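Novice: Before I ask anything, here is the structure I am working with.
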Amino acid sequence: MKPAGFAYHDPQTVAEAVALLGRLENARLLAGGQSLMPMLAMRVAFPDHLIDLNRVEGLDGITVEQGVLRIGAMTRQRSIERSAAIREACPLMTEALTHVGHLQTRNRGTIGGSLCHLDPSAELVTVAAALDATIEVAGPEGQRDVAIADFPLGFMTPALAPEEMVVAIRIPLWPREHGYSFMEFARRHGDYAIVSAAALLVLDSAGRIARASVTLGGVGAAPLRVTTAETALVGEAPTPALFRAAAACCEGIEAMEDPQAPAWYRQRLAAVLTRRALERAWARATGEAA
Amino acid sequence: MDGTTHGPDDARMAAGPGEAVGRAVTRLEDPPLVRGRGLFAADVNFPRQIHMRVVRAELAHGLLRSVDATAARALPGVVAVWTSADVAEIPSIPFRATKVQGLEPYCQPVLARDRVRYVGEPIAAVFAEDAYLAEDAADLVAVDIEPLPAVLDAAAPPAEFAPGLHTEPTIVRKGFGDVDAAFAMAHAVIELDLSVGRHSGVPLETRGAIARYDAARDLLELHGAAKKQHWNRDEIARLLGRPPSSVHLFEGHVGGGFGVRGELYPEDLLACAAALRLDRPVKWIEDRRENFLATNHSRQQRHRIRAAVDAEGRLLAIDDVFFHDQGAYVRTHGARVVDLAAGMLPGPYRLPAYRVAGHFRLTNKTPAATYRAPGRYETTFVRERLMDAIATRLAIDPIELRRRNLVATAEMPYPRPLDVLGSDVVLDSGDYAKLLDQALDRFGWKALRESIAARRASGECVGAGLAFFVEKSGLGPSDGVRITVDHTGTVELVSGAASVGQGVDTVLAQICAEALGVGYSGIRVVRGRTDRIEFGNGAHASRVTVMSGSATWQAAQAVRAMALETAAPLLQLSPEVLTIRDGIVQRKDGATEPSMTLAEIARQMGPNSPAMRGRTPGLTAEKWFWSDHMTYPYGVHCALVCIDRGTGAVKVERYLVANDIGRAINPMLVEGQIAGGFAQGLGGALYEEFRYDETGQPLSTTFADYLIPTATEMPALDVLIAEDAPSPLNPLGIKGAGEGGTNAVGAAIAAAVDDALGQPGAVTTLPILPGTVMRLLDRAAP
């Protein structure tokens, strides 16, 4: 568990980092290091160059402006978890973060690192998908935006060119009175979720569901927006039966199989967690739950 | 040396706490540990040391066609690369003495010769200037293996181990009584097929071996040792062709033992051989992946068990056939786990007839050996599942059924016509029924049944279960302790025991303090090294407190008697009126004068004291405690579980371990032993499993895949330490406390899950996985 040799680079600006990415062959960016360092130690990753982003200026910070939350790529997960602004404007993210690893790993882990590592059960990727986030990407030609729906290209493969890097995530905020819930099932607290579910609801003045977001993590290579469930919910009066029906949409999804859990179990979990998340989100939307 | 057998003349400590024994005093071991000044294997370094990296098999089974180390040897900084040809003269890793015949051909070579038999098997060893280079070079060793089909199911018919040898080295058979007649006359026959998953102790400190040859003194030293240093020393010496006195092993701090750490492994011999041959200190620190692949696994067994019972549910006979998945090779324990399983299965119950056949089978997985409560965790699960099944079949309350079958106090000592580890099973003492009552009372069983009924009525899936167990401890035959008071009055205690972190130093010091009349905190305890005492049996099998503790008691009594005899004429008093308090010999009646310190007495007894002329000087005594029979602690586990109907997850809400250990030398340490042991039992019940794919590739090689319970998974644990049945076999009445917390966890949680599901007998396999529970929930609610 000793990494193979690599050259270490310590850029100070995004431009320097991008220039290094353009110039160096087989380079990897180092953010919080909570996944990459073990991969180096276990020799499952063999970069020739490691570009450390920890001293790059301007990559961390949280702002809420004009209904949009923007989080810099190098913002630590713990900072996001403890941000009062995010707790108020985007509580789904705060709730999801309590499931991300352990306090010690969140002190170091970053949101950009989570997004780019793109583990199928990464909570922050699921949250980004649930909230229709936009990923800000810097490259030699300048900056471009990538919709979260287009960001995962495949298993642990983000839609980034070799000379590009993520600099921030932008999230359009839901109305203040929305209901939300993030639930997941892992064998132990802090483990990668076998399945996670994120639900967001907005009720109209008549108490009907005006807007809904249902997202599953851990069932496929990337988070899955369950649009059939969302369609089934919108325009309806919320009831346990409605949530059960919407959750039933999850039983037919295609789910992956791995040593932790067979596909059928993931499908069952997807339905159960979706139903529970919708019920909790509804209770919050009506002020009946904190 | 004074070989003494415990007999009626020995001073026996009265029941109840004394000045030092029976007190929850703080640990002597802690000051360096809490200050970050501990010395674990990785902390050991020597000038000019080189680092070893082991190249391991990546296929589960195959013919080893070639190992090409040319590129590795050419890498700058590489000192040597060894393959099997380089260690051809070193015999395979041996096993400890056993009556079981025919195991030798199945022992593991230090480096694989012409076959590899598990993923992780050592094939080559690289020695380089640093650990990074060693790993770089290891990656350059080209290994050519022609794959063979992997044997992964120990219950399947035996396959070929090597030409002319199949994968069943032996069948361990035991039994007594007329089993067939019992089944013929039985009121009912209950038959079960039960499995326990492959898991093991996973110490947070991985193994390490730091070997150094001291040419000036012609001494080979091995640091990073634990558990069995004297046996390992003797075997390393024999395998490397050296006199035992020219090899010394040193134990530092040990970050967890649990049975797996401190055995003699190939890496220990490689490091020692390299230190001799390359004339440089050699350091090897196992990494976590290696720890999962190369350190002993344990537990995996499948039992097909039948019970014959009468109409009242009394056991008439048990007939068990089981398959033990030993993995790829026989290791240092030989067939010990099978022997323990076969011999300990009957547990606390009166059993007129018994027949067991334990099939010791090799597979293409990591070799297995003992892990905390070896053979008992497995068979308590099997036996207690059987008792619950009998209760269900005969519609008898499971607690009442157990009561009817428990061996009664009046029957103690209760000889069973069986042997375990070569010693006859005689249950030495116990009041099983009383402890069962105490446990039910402490757990609030009656009120709990009511609250479970209420919670079920409101839709919850909750249940409670219990299991009874009998442990064994204090394996003989001997252990010795030498206690010396020096001329400053400082007491040194040298023991052949080892410490794997359990608090040995503190416990031995407490016993010494009690017997000698000194404070425990100033006693210097030496253990875990072969250069200070000639023999020692180490730390395993819950034996240290029983064996070394008893030897400590005897040696301290002997020193006390010497001190009083020496002091009495000088104080012009008879020894009978004297005692020792806080290291001062004084009158028993409390008068403070005249008096004499142990330091003064030690000086009187020094080698330059005219009074000692013609005698062996020193205020010192060495005593050896011998034992022919083990002691048998026992206990009850009670579990309350809640199942999430949506996910199938089992949450243990409350848990009780009630354990009679005869006498708790330090109740705080006993509680710690039980709590830690319970956590490991919980792992085997719900979380931990070494899984393999169909080709024999291990799937649990990181802590993300091998799930040990963490603080979050630990339920509220209550520990009831009982001292109602002291062992008659040693002067303090001690029974070991190392394994009772682990023993019955799988059994009790299985019973509680059955109860929650309302499906008696539903749990047949450990660990109990959420997906399995979900299927069982589906079965209940179509």
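Each chain in the structure tokens gets a letter, A, B and so on, in the order shown; residues start at 1 in every chain, and ligands are counted from 1 in the order they appear.
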Which residues of chain B come within 8 Å of chain A, and what is each one's closest atom pair and distance in Å (one decimal), counting only C-alpha atoms, sorted by chain and residue number, as a Markdown table?
Specialist:
| residue | atom | partner | partner_atom | distance |
| --- | --- | --- | --- | --- |
| B:Ala131 | CA | A:Lys2 | CA | 7.1 |
| B:Tyr132 | CA | A:Lys2 | CA | 5.5 |
| B:Glu135 | CA | A:Lys2 | CA | 6.9 |
| B:Asp136 | CA | A:Ala4 | CA | 6.5 |
| B:Asp287 | CA | A:Met1 | CA | 6.1 |
| B:Arg288 | CA | A:Met1 | CA | 7.9 |
| B:Gly646 | CA | A:Val272 | CA | 5.8 |
| B:Thr647 | CA | A:Leu269 | CA | 6.1 |
| B:Ala649 | CA | A:Arg187 | CA | 7.8 |
| B:Tyr687 | CA | A:Arg187 | CA | 7.6 |
| B:Leu699 | CA | A:Pro259 | CA | 7.1 |
| B:Ala704 | CA | A:Asp191 | CA | 7.0 |
| B:Asp705 | CA | A:Gln260 | CA | 7.6 |
| B:Leu707 | CA | A:Arg188 | CA | 7.7 |
| B:Pro709 | CA | A:Arg188 | CA | 7.4 |
| B:Thr710 | CA | A:Arg188 | CA | 7.8 |
| B:Thr712 | CA | A:His189 | CA | 6.6 |
| B:Glu713 | CA | A:Arg188 | CA | 6.9 |
| B:Gly771 | CA | A:Tyr265 | CA | 6.3 |
Novice: Per DSSP on the backbone, filter range 46-246 of chain B down to the residues in alpha helix (DSSP H) and report them as a PyMOL selection string.
Specialist: chain B and resi 70-74+131-140+179-185+229-239
Novice: Would you mind listing what lies within 12 Å of Ile51 in chain A as a compact mmCIF listing (two decimals) with N, CA and C atoms, in the first residue's frame, with only C-alpha atoms counted and same-chain residues fewer than 6 positions away left out?
Specialist:
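around.txt was written with the following content:
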# COMPACT_ATOMS: atom_id res chain seq x y z
N PHE A 6 5.14 9.35 -8.61
CA PHE A 6 4.46 10.32 -9.45
C PHE A 6 5.14 11.68 -9.24
N ALA A 7 4.95 12.58 -10.20
CA ALA A 7 5.45 13.94 -10.04
C ALA A 7 4.35 14.78 -9.41
N TYR A 8 4.71 15.64 -8.49
CA TYR A 8 3.74 16.45 -7.75
C TYR A 8 3.79 17.89 -8.25
N HIS A 9 2.61 18.45 -8.50
CA HIS A 9 2.52 19.84 -8.97
C HIS A 9 1.61 20.63 -8.05
N ASP A 10 1.95 21.88 -7.87
CA ASP A 10 1.28 22.68 -6.84
C ASP A 10 0.86 24.04 -7.42
N PRO A 11 -0.10 24.06 -8.37
CA PRO A 11 -0.48 25.33 -9.00
C PRO A 11 -1.18 26.26 -8.01
N GLN A 12 -1.14 27.56 -8.33
CA GLN A 12 -1.76 28.56 -7.45
C GLN A 12 -3.06 29.11 -8.04
N THR A 13 -3.26 28.92 -9.35
CA THR A 13 -4.46 29.48 -10.01
C THR A 13 -5.10 28.40 -10.88
N VAL A 14 -6.38 28.67 -11.20
CA VAL A 14 -7.09 27.75 -12.09
C VAL A 14 -6.38 27.70 -13.44
N GLU A 16 -3.24 28.09 -14.11
CA GLU A 16 -2.04 27.24 -14.02
C GLU A 16 -2.43 25.75 -14.00
N ALA A 17 -3.48 25.47 -13.25
CA ALA A 17 -3.90 24.06 -13.16
C ALA A 17 -4.34 23.54 -14.52
N VAL A 18 -5.12 24.36 -15.22
CA VAL A 18 -5.59 23.96 -16.56
C VAL A 18 -4.41 23.82 -17.52
N ALA A 19 -3.44 24.73 -17.39
CA ALA A 19 -2.26 24.64 -18.26
C ALA A 19 -1.50 23.35 -17.99
N LEU A 20 -1.37 23.00 -16.72
CA LEU A 20 -0.69 21.74 -16.38
C LEU A 20 -1.44 20.54 -16.95
N LEU A 21 -2.77 20.59 -16.83
CA LEU A 21 -3.58 19.49 -17.37
C LEU A 21 -3.37 19.36 -18.87
N GLY A 22 -3.24 20.49 -19.55
CA GLY A 22 -3.04 20.47 -20.99
C GLY A 22 -1.67 19.95 -21.39
N ARG A 23 -0.71 20.21 -20.53
CA ARG A 23 0.69 19.91 -20.88
C ARG A 23 1.10 18.49 -20.47
N LEU A 24 0.55 18.00 -19.36
CA LEU A 24 1.04 16.74 -18.78
C LEU A 24 0.22 15.55 -19.26
N GLU A 25 0.91 14.46 -19.51
CA GLU A 25 0.23 13.21 -19.86
C GLU A 25 -0.11 12.45 -18.57
N ASN A 26 -1.25 11.80 -18.57
CA ASN A 26 -1.64 10.94 -17.45
C ASN A 26 -1.54 11.66 -16.10
N ALA A 27 -2.24 12.82 -16.06
CA ALA A 27 -2.25 13.59 -14.81
C ALA A 27 -3.59 13.43 -14.11
N ARG A 28 -3.55 13.51 -12.77
CA ARG A 28 -4.80 13.48 -12.00
C ARG A 28 -4.82 14.68 -11.08
N LEU A 29 -6.05 15.21 -10.88
CA LEU A 29 -6.21 16.31 -9.95
C LEU A 29 -6.41 15.75 -8.55
N LEU A 30 -5.78 16.38 -7.58
CA LEU A 30 -5.95 16.00 -6.18
C LEU A 30 -6.79 17.06 -5.49
N ALA A 31 -7.98 16.67 -5.04
CA ALA A 31 -8.82 17.60 -4.28
C ALA A 31 -8.68 17.25 -2.80
N GLY A 32 -9.72 16.70 -2.19
CA GLY A 32 -9.63 16.34 -0.77
C GLY A 32 -8.87 15.06 -0.53
N GLY A 33 -8.73 14.24 -1.56
CA GLY A 33 -7.90 13.05 -1.47
C GLY A 33 -8.53 11.87 -0.76
N LEU A 36 -8.92 9.42 -3.85
CA LEU A 36 -7.73 9.25 -4.70
C LEU A 36 -6.53 8.71 -3.92
N GLU A 163 -8.04 18.01 -20.33
CA GLU A 163 -7.46 19.29 -19.90
C GLU A 163 -8.47 20.18 -19.17
N MET A 165 -11.27 20.98 -15.88
CA MET A 165 -11.52 20.73 -14.45
C MET A 165 -12.81 21.42 -14.01
Novice: May I ask which of the residues B:His187, B:His248, B:Arg331, B:Arg524 is the closest one to Arg217 in chain B, counting only C-alpha atoms?
Specialist: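 Selected residue with least distance to Arg217 in chain B: B:His248.
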Novice: Write out as a PDB file with N, CA and C atoms, in the first residue's frame the residues lying within 7 Å of range 169-179 of chain A, counting only C-alpha atoms and excluding same-chain residues fewer than 4 positions away.
Specialist:
ATOM      1  N   GLY A  67     -31.607  33.489  -6.219  1.00  0.00           N
ATOM      2  CA  GLY A  67     -32.206  32.166  -6.342  1.00  0.00           C
ATOM      3  C   GLY A  67     -31.264  31.081  -6.812  1.00  0.00           C
ATOM      4  N   VAL A  68     -29.986  31.371  -6.802  1.00  0.00           N
ATOM      5  CA  VAL A  68     -29.023  30.341  -7.229  1.00  0.00           C
ATOM      6  C   VAL A  68     -27.960  30.154  -6.135  1.00  0.00           C
ATOM      7  N   LEU A  69     -27.728  28.898  -5.791  1.00  0.00           N
ATOM      8  CA  LEU A  69     -26.653  28.552  -4.855  1.00  0.00           C
ATOM      9  C   LEU A  69     -25.432  28.156  -5.677  1.00  0.00           C
ATOM     10  N   ARG A  70     -24.300  28.777  -5.350  1.00  0.00           N
ATOM     11  CA  ARG A  70     -23.068  28.411  -6.056  1.00  0.00           C
ATOM     12  C   ARG A  70     -22.044  27.964  -5.006  1.00  0.00           C
ATOM     13  N   ILE A  71     -21.470  26.780  -5.247  1.00  0.00           N
ATOM     14  CA  ILE A  71     -20.474  26.236  -4.323  1.00  0.00           C
ATOM     15  C   ILE A  71     -19.196  25.953  -5.112  1.00  0.00           C
ATOM     16  N   GLY A  72     -18.091  26.529  -4.643  1.00  0.00           N
ATOM     17  CA  GLY A  72     -16.811  26.297  -5.306  1.00  0.00           C
ATOM     18  C   GLY A  72     -16.377  24.846  -5.178  1.00  0.00           C
ATOM     19  N   ALA A  73     -15.678  24.365  -6.186  1.00  0.00           N
ATOM     20  CA  ALA A  73     -15.351  22.940  -6.263  1.00  0.00           C
ATOM     21  C   ALA A  73     -14.553  22.453  -5.055  1.00  0.00           C
ATOM     22  N   ALA A  89     -31.471  27.506   2.487  1.00  0.00           N
ATOM     23  CA  ALA A  89     -31.891  27.588   1.084  1.00  0.00           C
ATOM     24  C   ALA A  89     -31.962  26.216   0.411  1.00  0.00           C
ATOM     25  N   CYS A  90     -31.161  25.293   0.865  1.00  0.00           N
ATOM     26  CA  CYS A  90     -31.073  24.002   0.170  1.00  0.00           C
ATOM     27  C   CYS A  90     -30.879  22.883   1.196  1.00  0.00           C
ATOM     28  N   LEU A 131     -31.584  18.337  -7.951  1.00  0.00           N
ATOM     29  CA  LEU A 131     -31.786  19.786  -7.984  1.00  0.00           C
ATOM     30  C   LEU A 131     -31.467  20.391  -9.343  1.00  0.00           C
ATOM     31  N   ASP A 132     -31.257  19.559 -10.358  1.00  0.00           N
ATOM     32  CA  ASP A 132     -30.950  20.045 -11.718  1.00  0.00           C
ATOM     33  C   ASP A 132     -29.770  21.016 -11.713  1.00  0.00           C
ATOM     34  N   ALA A 133     -28.707  20.600 -11.082  1.00  0.00           N
ATOM     35  CA  ALA A 133     -27.538  21.467 -10.952  1.00  0.00           C
ATOM     36  C   ALA A 133     -26.824  21.647 -12.282  1.00  0.00           C
ATOM     37  N   THR A 134     -26.013  22.693 -12.300  1.00  0.00           N
ATOM     38  CA  THR A 134     -25.131  22.941 -13.448  1.00  0.00           C
ATOM     39  C   THR A 134     -23.689  22.893 -12.957  1.00  0.00           C
ATOM     40  N   ILE A 135     -22.846  22.215 -13.714  1.00  0.00           N
ATOM     41  CA  ILE A 135     -21.438  22.101 -13.336  1.00  0.00           C
ATOM     42  C   ILE A 135     -20.646  23.117 -14.150  1.00  0.00           C
ATOM     43  N   GLU A 136     -19.860  23.931 -13.469  1.00  0.00           N
ATOM     44  CA  GLU A 136     -18.999  24.904 -14.161  1.00  0.00           C
ATOM     45  C   GLU A 136     -17.635  24.256 -14.402  1.00  0.00           C
ATOM     46  N   LEU A 200     -38.181  15.943  -3.485  1.00  0.00           N
ATOM     47  CA  LEU A 200     -38.512  17.356  -3.294  1.00  0.00           C
ATOM     48  C   LEU A 200     -39.947  17.557  -3.754  1.00  0.00           C
ATOM     49  N   LEU A 201     -40.714  18.321  -2.986  1.00  0.00           N
ATOM     50  CA  LEU A 201     -42.111  18.579  -3.329  1.00  0.00           C
ATOM     51  C   LEU A 201     -42.432  20.042  -3.081  1.00  0.00           C
ATOM     52  N   VAL A 202     -43.255  20.604  -3.965  1.00  0.00           N
ATOM     53  CA  VAL A 202     -43.844  21.913  -3.702  1.00  0.00           C
ATOM     54  C   VAL A 202     -45.351  21.760  -3.829  1.00  0.00           C
ATOM     55  N   ALA A 281     -40.944  14.351   2.875  1.00  0.00           N
ATOM     56  CA  ALA A 281     -40.940  15.635   2.163  1.00  0.00           C
ATOM     57  C   ALA A 281     -42.308  16.311   2.275  1.00  0.00           C
ATOM     58  N   TRP A 282     -43.348  15.519   2.158  1.00  0.00           N
ATOM     59  CA  TRP A 282     -44.710  16.060   2.283  1.00  0.00           C
ATOM     60  C   TRP A 282     -44.930  16.634   3.688  1.00  0.00           C
ATOM     61  N   ARG A 284     -42.788  17.756   5.650  1.00  0.00           N
ATOM     62  CA  ARG A 284     -42.029  18.998   5.792  1.00  0.00           C
ATOM     63  C   ARG A 284     -42.683  20.139   5.017  1.00  0.00           C
ATOM     64  N   ALA A 285     -43.244  19.804   3.843  1.00  0.00           N
ATOM     65  CA  ALA A 285     -43.882  20.844   3.039  1.00  0.00           C
ATOM     66  C   ALA A 285     -45.090  21.412   3.769  1.00  0.00           C
TER      67      ALA A 285
END
Novice: Among the residues of range 30-234 of chain A, find those DSSP assigns to strand (DSSP E or B) from the backbone and print them as a count of residues only.
Specialist: 68
Novice: Restricting the calculation to only C-alpha atoms, which member of A:Met39, A:Leu224, A:Met74, A:Ala212 is positioned closest to Asp52 in chain A?
Specialist: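 Of A:Met39, A:Leu224, A:Met74, A:Ala212, the one nearest Asp52 in chain A is A:Met74, counting only C-alpha atoms.
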